[in-house]
Amino acid sequence: MRRIVTLALRDLRLELRGRAGLFAALFFLGVVLLILGFALGPEKDDLRRAAPGVLWVALAFAGSLLAGRAWAVEVENDTLDDLLLTPGSREWIYWGKFLFLWLLLFAVALLLLVLVAGMFYLPLEQAPGLLLTLFLGATGYAAVATFYAGLVARLATAQLILPILVFSVVVPVILAAVRATLGLVEGVPLGEVAAWWKLLAAFDLIYLTASSLLFPFVVEG
Amino acid sequence: MLGWERMETARTRLDPVTVGLLALGFAVLLIGFYLALVAPPDQQQGYLVRILYLHVAAAWTGYLAFVVAGIYALFYLFTNRPAYDRVSAASAEIGLWLSLLMVLGGMMWARPTWGVYWVWEPRLTSVAVMIAVYVGYFLVRQAIEDPEMRAKAAAAVAILGVINIPITYMSVYWWRSIHQTASIDIINRKVHMAPAMLEALLVNLLAFTLIYLGFVRLKGYLAARQALKEGFDG
């Protein structure tokens with residue numbers, strides 16, 4: 001557990017110092033929101049109806065920019081082998097990288113929530129529900145993204161392949177998250193939204209378990 | 001050297017099991033086709049119900065193909081034997097074709113029944129997601145040059161993709177919507193069908209399964225020859 005947190009915090013510190021990935025993602029996020037706002041606006045009702053979709057599309061795209069970051073640091077500095085050679089099982093490396101990506105994604109998601117609330121009239125009265133949805137959605141996304149990013153980290157074309165890999169598997173998570181968000185925005189009774197949360201939680205659990213168990217088999221070293 | 005030659009001669013000829021499975025499959029398909037046409041029309045759907053024999057058989061074998069692809073992907077990750085990867089890919093490809101056939105049949109049925117070809121309801125959406133996953137599977141295979149890396153990445157997609165199958169199957173029970181629940185209800189162990197219809201469906205299902213098995217062997221054999229040419233074998 002200690003090393004998981006250590007690894008995640010180290011990566012986070014490096015990311016914040018380097019800023020390359022995070023800045024690119026934030027800039028990209030801003031542009032996506034501007035384009036979507038321009039394309040869908042300026043009617044308030046249209047924007048509000050589109051808000052859940054905008055939120056998750058932007059997060060999914062920005063996430064695909066961030067996904068590679070967890071491993072790019074290791075490959076750039078040629079430290080991936082050292083990391084893999086550390087005694088003990090390899091699951092903890094997955095968990096450390098997952099925690100890093102999850103923290104990054106969730107932070108971006110929080111910022112995004114505020115931005116979408118401002119630009120697309122997403123009702124923030126539902127904040128607890130929205131936060132829960134973001135929490136579950138980011139978990140599923142990070143679980144899959146960390147796994148695949150580790151798998152292709154050494155490939156020269158990793159940046160190209162990663163979105164294909166991640167999106168093909170993460171679609172159910174995004175769909176469930178969009179539906180949950182939509183339900184919250186439209187004021188559907190919480191019982192119905194909870195069905196989507198349950199589905200999201202089930203995906204998170206399955207993806208996390210499968211990814212962490214498979215990780216030692218697929219990672220090169 | 002001897003081993004390599006033996007392997008090549010073993011794989012340059014189609015084995016009788018594959019040919020037999022395909023021949024038997026298509027023969028049973030003819031019988032199934034006949035039975036589907038003589039089966040009585042449905043009380044509510046009339047003659048339209050005949051699409052069901054194709055739709056359900058394709059859906060089931062499609063699910064089967066994806067599950068087999070996932071299982072062989074697991075085998076591959078544990079053993080690193082390229083043969084398992086080839087079977088996994090062959091099964092996934094046939095599964096994808098069967099799913100597309102299933103969707104096509106479903107759309108032809110849906111247009112006169114629901115009035116539209118497609119609605120975004122849970123079953124259809126989960127099927128669309130399932131198909132997207134396996135299209136992604138082949139994009140991944142195309143995108144990665146290194147055979148070992150390709151096999152590993154594809155296996156990872158095939159294994160995580162299988163998770164969609166039970167969700168797709170259960171979607172009609174979890175979110176009651178416009179799509180029918182299963183006529184052969186394995187959850188509640190009930191069959192909601194007339195015997196003649198059930199017989200036609202089961203014969204078609206058998207035909208599809210035999211054809212599926214034959215094609216997996218055929219595809220696996222073609223892939224093995226390809227691998228021999230590329231020099232990725234073990």
# chains A, B, ... in the order shown; residues from 1 in each chain; ligands from 1
>>> closest_atom_pairs(of="chain B", to="chain A", cutoff="10 Å", atoms="only C-alpha atoms", output="JSON lines")
{"residue": "B:Leu74", "atom": "CA", "partner": "A:Leu214", "partner_atom": "CA", "distance": 9.0}
{"residue": "B:Leu77", "atom": "CA", "partner": "A:Phe217", "partner_atom": "CA", "distance": 6.3}
{"residue": "B:Phe78", "atom": "CA", "partner": "A:Phe217", "partner_atom": "CA", "distance": 7.2}
{"residue": "B:Thr79", "atom": "CA", "partner": "A:Phe217", "partner_atom": "CA", "distance": 9.8}
{"residue": "B:Asn80", "atom": "CA", "partner": "A:Phe217", "partner_atom": "CA", "distance": 9.6}
{"residue": "B:Thr125", "atom": "CA", "partner": "A:Leu175", "partner_atom": "CA", "distance": 9.2}
{"residue": "B:Ser126", "atom": "CA", "partner": "A:Pro172", "partner_atom": "CA", "distance": 7.8}
{"residue": "B:Val129", "atom": "CA", "partner": "A:Val171", "partner_atom": "CA", "distance": 6.7}
{"residue": "B:Met130", "atom": "CA", "partner": "A:Ser168", "partner_atom": "CA", "distance": 8.9}
{"residue": "B:Ile131", "atom": "CA", "partner": "A:Ser168", "partner_atom": "CA", "distance": 9.3}
{"residue": "B:Ala132", "atom": "CA", "partner": "A:Ser168", "partner_atom": "CA", "distance": 6.2}
{"residue": "B:Val133", "atom": "CA", "partner": "A:Ser168", "partner_atom": "CA", "distance": 4.6}
{"residue": "B:Tyr134", "atom": "CA", "partner": "A:Ser168", "partner_atom": "CA", "distance": 7.7}
{"residue": "B:Val135", "atom": "CA", "partner": "A:Ser168", "partner_atom": "CA", "distance": 7.9}
{"residue": "B:Gly136", "atom": "CA", "partner": "A:Ser168", "partner_atom": "CA", "distance": 5.2}
{"residue": "B:Tyr137", "atom": "CA", "partner": "A:Ser168", "partner_atom": "CA", "distance": 7.6}
{"residue": "B:Leu139", "atom": "CA", "partner": "A:Ile164", "partner_atom": "CA", "distance": 7.3}
{"residue": "B:Val140", "atom": "CA", "partner": "A:Leu165", "partner_atom": "CA", "distance": 6.6}
{"residue": "B:Arg141", "atom": "CA", "partner": "A:Ile161", "partner_atom": "CA", "distance": 10.0}
{"residue": "B:Gln142", "atom": "CA", "partner": "A:Ile161", "partner_atom": "CA", "distance": 9.9}
{"residue": "B:Ala143", "atom": "CA", "partner": "A:Ile161", "partner_atom": "CA", "distance": 6.7}
{"residue": "B:Ile144", "atom": "CA", "partner": "A:Ile161", "partner_atom": "CA", "distance": 7.9}
{"residue": "B:Glu145", "atom": "CA", "partner": "A:Leu155", "partner_atom": "CA", "distance": 9.6}
{"residue": "B:Asp146", "atom": "CA", "partner": "A:Leu155", "partner_atom": "CA", "distance": 9.1}
{"residue": "B:Met149", "atom": "CA", "partner": "A:Val152", "partner_atom": "CA", "distance": 7.9}
{"residue": "B:Arg150", "atom": "CA", "partner": "A:Val152", "partner_atom": "CA", "distance": 9.5}
{"residue": "B:Ala151", "atom": "CA", "partner": "A:Val218", "partner_atom": "CA", "distance": 9.9}
{"residue": "B:Lys152", "atom": "CA", "partner": "A:Val218", "partner_atom": "CA", "distance": 6.2}
{"residue": "B:Ala153", "atom": "CA", "partner": "A:Leu151", "partner_atom": "CA", "distance": 6.9}
{"residue": "B:Ala154", "atom": "CA", "partner": "A:Leu165", "partner_atom": "CA", "distance": 9.0}
{"residue": "B:Ala155", "atom": "CA", "partner": "A:Val218", "partner_atom": "CA", "distance": 9.1}
{"residue": "B:Ala156", "atom": "CA", "partner": "A:Leu214", "partner_atom": "CA", "distance": 7.9}
{"residue": "B:Val157", "atom": "CA", "partner": "A:Val169", "partner_atom": "CA", "distance": 7.0}
{"residue": "B:Ala158", "atom": "CA", "partner": "A:Val169", "partner_atom": "CA", "distance": 9.4}
{"residue": "B:Ile159", "atom": "CA", "partner": "A:Ala210", "partner_atom": "CA", "distance": 8.4}
{"residue": "B:Leu160", "atom": "CA", "partner": "A:Val169", "partner_atom": "CA", "distance": 6.9}
{"residue": "B:Gly161", "atom": "CA", "partner": "A:Val169", "partner_atom": "CA", "distance": 6.4}
{"residue": "B:Val162", "atom": "CA", "partner": "A:Val169", "partner_atom": "CA", "distance": 10.0}
{"residue": "B:Ile163", "atom": "CA", "partner": "A:Ile206", "partner_atom": "CA", "distance": 8.0}
{"residue": "B:Asn164", "atom": "CA", "partner": "A:Pro172", "partner_atom": "CA", "distance": 8.2}
{"residue": "B:Ile167", "atom": "CA", "partner": "A:Leu199", "partner_atom": "CA", "distance": 9.4}
{"residue": "B:Trp174", "atom": "CA", "partner": "A:Ala195", "partner_atom": "CA", "distance": 9.2}
{"residue": "B:Trp175", "atom": "CA", "partner": "A:Ala195", "partner_atom": "CA", "distance": 9.2}
>>> write_last_selection(atoms="N, CA and C atoms", output="tab-separated table (two decimals), in the first residue's frame")
chain	number	residue	atom	x	y	z
B	74	LEU	N	-7.32	-15.60	-22.88
B	74	LEU	CA	-6.77	-15.92	-21.55
B	74	LEU	C	-5.70	-16.99	-21.66
B	77	LEU	N	-2.51	-15.50	-22.94
B	77	LEU	CA	-1.75	-14.71	-21.97
B	77	LEU	C	-1.00	-15.62	-20.99
B	78	PHE	N	-1.60	-16.75	-20.63
B	78	PHE	CA	-0.96	-17.63	-19.66
B	78	PHE	C	0.16	-18.46	-20.29
B	79	THR	N	-0.02	-18.84	-21.58
B	79	THR	CA	0.95	-19.77	-22.17
B	79	THR	C	1.85	-19.13	-23.21
B	80	ASN	N	1.44	-17.97	-23.78
B	80	ASN	CA	2.18	-17.32	-24.86
B	80	ASN	C	2.30	-18.18	-26.11
B	125	THR	N	-28.50	-0.71	-27.65
B	125	THR	CA	-27.31	0.05	-27.31
B	125	THR	C	-26.18	-0.87	-26.87
B	126	SER	N	-26.52	-1.85	-26.02
B	126	SER	CA	-25.46	-2.73	-25.53
B	126	SER	C	-24.90	-3.58	-26.67
B	129	VAL	N	-22.52	-1.34	-28.49
B	129	VAL	CA	-21.25	-1.25	-27.75
B	129	VAL	C	-20.42	-2.51	-27.96
B	130	MET	N	-21.08	-3.65	-27.90
B	130	MET	CA	-20.39	-4.92	-28.08
B	130	MET	C	-19.71	-4.96	-29.45
B	131	ILE	N	-20.44	-4.54	-30.48
B	131	ILE	CA	-19.86	-4.55	-31.83
B	131	ILE	C	-18.70	-3.56	-31.91
B	132	ALA	N	-18.88	-2.38	-31.28
B	132	ALA	CA	-17.80	-1.39	-31.28
B	132	ALA	C	-16.53	-1.95	-30.66
B	133	VAL	N	-16.69	-2.71	-29.57
B	133	VAL	CA	-15.52	-3.30	-28.90
B	133	VAL	C	-14.76	-4.21	-29.86
B	134	TYR	N	-15.51	-5.03	-30.61
B	134	TYR	CA	-14.81	-5.99	-31.46
B	134	TYR	C	-14.32	-5.38	-32.77
B	135	VAL	N	-14.94	-4.28	-33.20
B	135	VAL	CA	-14.34	-3.53	-34.31
B	135	VAL	C	-13.02	-2.94	-33.81
B	136	GLY	N	-13.04	-2.43	-32.57
B	136	GLY	CA	-11.81	-1.92	-31.95
B	136	GLY	C	-10.74	-3.00	-31.87
B	137	TYR	N	-11.18	-4.21	-31.57
B	137	TYR	CA	-10.26	-5.35	-31.48
B	137	TYR	C	-9.47	-5.50	-32.78
B	139	LEU	N	-9.10	-3.14	-35.14
B	139	LEU	CA	-8.29	-1.94	-35.33
B	139	LEU	C	-6.96	-2.11	-34.61
B	140	VAL	N	-7.04	-2.63	-33.39
B	140	VAL	CA	-5.82	-2.84	-32.60
B	140	VAL	C	-4.90	-3.83	-33.30
B	141	ARG	N	-5.47	-4.91	-33.79
B	141	ARG	CA	-4.65	-5.90	-34.50
B	141	ARG	C	-3.97	-5.30	-35.72
B	142	GLN	N	-4.71	-4.41	-36.41
B	142	GLN	CA	-4.14	-3.76	-37.58
B	142	GLN	C	-3.02	-2.80	-37.20
B	143	ALA	N	-3.22	-2.13	-36.05
B	143	ALA	CA	-2.34	-1.01	-35.72
B	143	ALA	C	-0.98	-1.46	-35.18
B	144	ILE	N	-0.91	-2.66	-34.61
B	144	ILE	CA	0.35	-3.08	-33.99
B	144	ILE	C	1.10	-4.04	-34.89
B	145	GLU	N	2.34	-3.68	-35.20
B	145	GLU	CA	3.15	-4.48	-36.13
B	145	GLU	C	3.73	-5.72	-35.46
B	146	ASP	N	4.33	-5.50	-34.30
B	146	ASP	CA	5.02	-6.58	-33.60
B	146	ASP	C	4.03	-7.69	-33.23
B	149	MET	N	3.39	-8.36	-29.40
B	149	MET	CA	2.67	-7.24	-28.78
B	149	MET	C	1.23	-7.20	-29.27
B	150	ARG	N	1.06	-7.48	-30.57
B	150	ARG	CA	-0.29	-7.48	-31.15
B	150	ARG	C	-1.15	-8.52	-30.46
B	151	ALA	N	-0.58	-9.70	-30.27
B	151	ALA	CA	-1.35	-10.78	-29.65
B	151	ALA	C	-1.72	-10.41	-28.22
B	152	LYS	N	-0.78	-9.81	-27.48
B	152	LYS	CA	-1.06	-9.44	-26.09
B	152	LYS	C	-2.14	-8.37	-25.99
B	153	ALA	N	-1.98	-7.32	-26.82
B	153	ALA	CA	-2.96	-6.23	-26.77
B	153	ALA	C	-4.34	-6.74	-27.17
B	154	ALA	N	-4.37	-7.56	-28.23
B	154	ALA	CA	-5.66	-8.09	-28.69
B	154	ALA	C	-6.28	-8.96	-27.61
B	155	ALA	N	-5.46	-9.76	-26.96
B	155	ALA	CA	-5.98	-10.62	-25.89
B	155	ALA	C	-6.60	-9.77	-24.78
B	156	ALA	N	-5.92	-8.66	-24.47
B	156	ALA	CA	-6.44	-7.79	-23.41
B	156	ALA	C	-7.80	-7.22	-23.80
B	157	VAL	N	-7.96	-6.87	-25.08
B	157	VAL	CA	-9.27	-6.35	-25.52
B	157	VAL	C	-10.32	-7.46	-25.48
B	158	ALA	N	-9.93	-8.64	-25.96
B	158	ALA	CA	-10.90	-9.75	-26.02
B	158	ALA	C	-11.39	-10.12	-24.63
B	159	ILE	N	-10.48	-10.08	-23.64
B	159	ILE	CA	-10.87	-10.48	-22.28
B	159	ILE	C	-11.79	-9.42	-21.66
B	160	LEU	N	-11.39	-8.14	-21.77
B	160	LEU	CA	-12.24	-7.10	-21.19
B	160	LEU	C	-13.54	-6.97	-21.97
B	161	GLY	N	-13.50	-7.34	-23.28
B	161	GLY	CA	-14.70	-7.23	-24.10
B	161	GLY	C	-15.77	-8.23	-23.71
B	162	VAL	N	-15.36	-9.38	-23.22
B	162	VAL	CA	-16.33	-10.43	-22.85
B	162	VAL	C	-17.31	-9.94	-21.79
B	163	ILE	N	-16.85	-8.98	-20.97
B	163	ILE	CA	-17.70	-8.45	-19.91
B	163	ILE	C	-19.02	-7.93	-20.47
B	164	ASN	N	-18.97	-7.47	-21.74
B	164	ASN	CA	-20.18	-6.94	-22.36
B	164	ASN	C	-21.23	-8.00	-22.64
B	167	ILE	N	-23.88	-8.54	-19.99
B	167	ILE	CA	-24.66	-7.31	-19.87
B	167	ILE	C	-25.63	-7.20	-21.05
B	174	TRP	N	-32.87	-6.47	-17.17
B	174	TRP	CA	-32.55	-5.40	-16.23
B	174	TRP	C	-33.31	-4.11	-16.51
B	175	TRP	N	-33.32	-3.72	-17.78
B	175	TRP	CA	-34.08	-2.53	-18.14
B	175	TRP	C	-35.19	-2.98	-19.08
>>> residues_around(residues="region 32-35 of chain B", least_positions_apart="5", cutoff="7 Å", atoms="only C-alpha atoms", output="list in words")
Ala200, Val203 and Asn204 of chain B
>>> residues_around(residues="Thr113 (chain B)", least_positions_apart="4", cutoff="10 Å", atoms="only C-alpha atoms", output="ChimeraX atom specification")
/B:45,48,107-109,117
>>> write_last_selection(atoms="C-alpha atoms", output="PDB file, in the first residue's frame")
ATOM      1  CA  GLN B  45     -46.223 -11.128 -35.562  1.00  0.00           C
ATOM      2  CA  LEU B  48     -42.440 -11.793 -39.653  1.00  0.00           C
ATOM      3  CA  MET B 107     -33.452  -4.240 -38.242  1.00  0.00           C
ATOM      4  CA  MET B 108     -35.488  -5.902 -40.974  1.00  0.00           C
ATOM      5  CA  TRP B 109     -37.824  -7.170 -38.294  1.00  0.00           C
ATOM      6  CA  TYR B 117     -34.867   0.301 -37.954  1.00  0.00           C
TER       7      TYR B 117
END
>>> residues_around(residues="region 82-93 of chain B", least_positions_apart="2", cutoff="7 Å", atoms="only C-alpha atoms", output="number ranges by chain")
B: 65-66, 68-70, 72-73, 75-76, 80, 95-97, 151, 216, 219-220, 223, 233-234
>>> select_by_dssp(residues="region 54-224 of chain B", states="strand (DSSP E)", output="list in words")
Ile184, Asp185, Lys190 and Val191 of chain B
>>> write_last_selection(atoms="C-alpha atoms", output="mmCIF file, in the first residue's frame")
data_model
loop_
_atom_site.group_PDB
_atom_site.id
_atom_site.type_symbol
_atom_site.label_atom_id
_atom_site.label_comp_id
_atom_site.auth_asym_id
_atom_site.auth_seq_id
_atom_site.Cartn_x
_atom_site.Cartn_y
_atom_site.Cartn_z
ATOM 1 C CA ILE B 184 -35.980 -19.649 -24.461
ATOM 2 C CA ASP B 185 -35.647 -18.192 -21.002
ATOM 3 C CA LYS B 190 -39.148 -21.498 -19.323
ATOM 4 C CA VAL B 191 -39.765 -21.798 -23.042
#
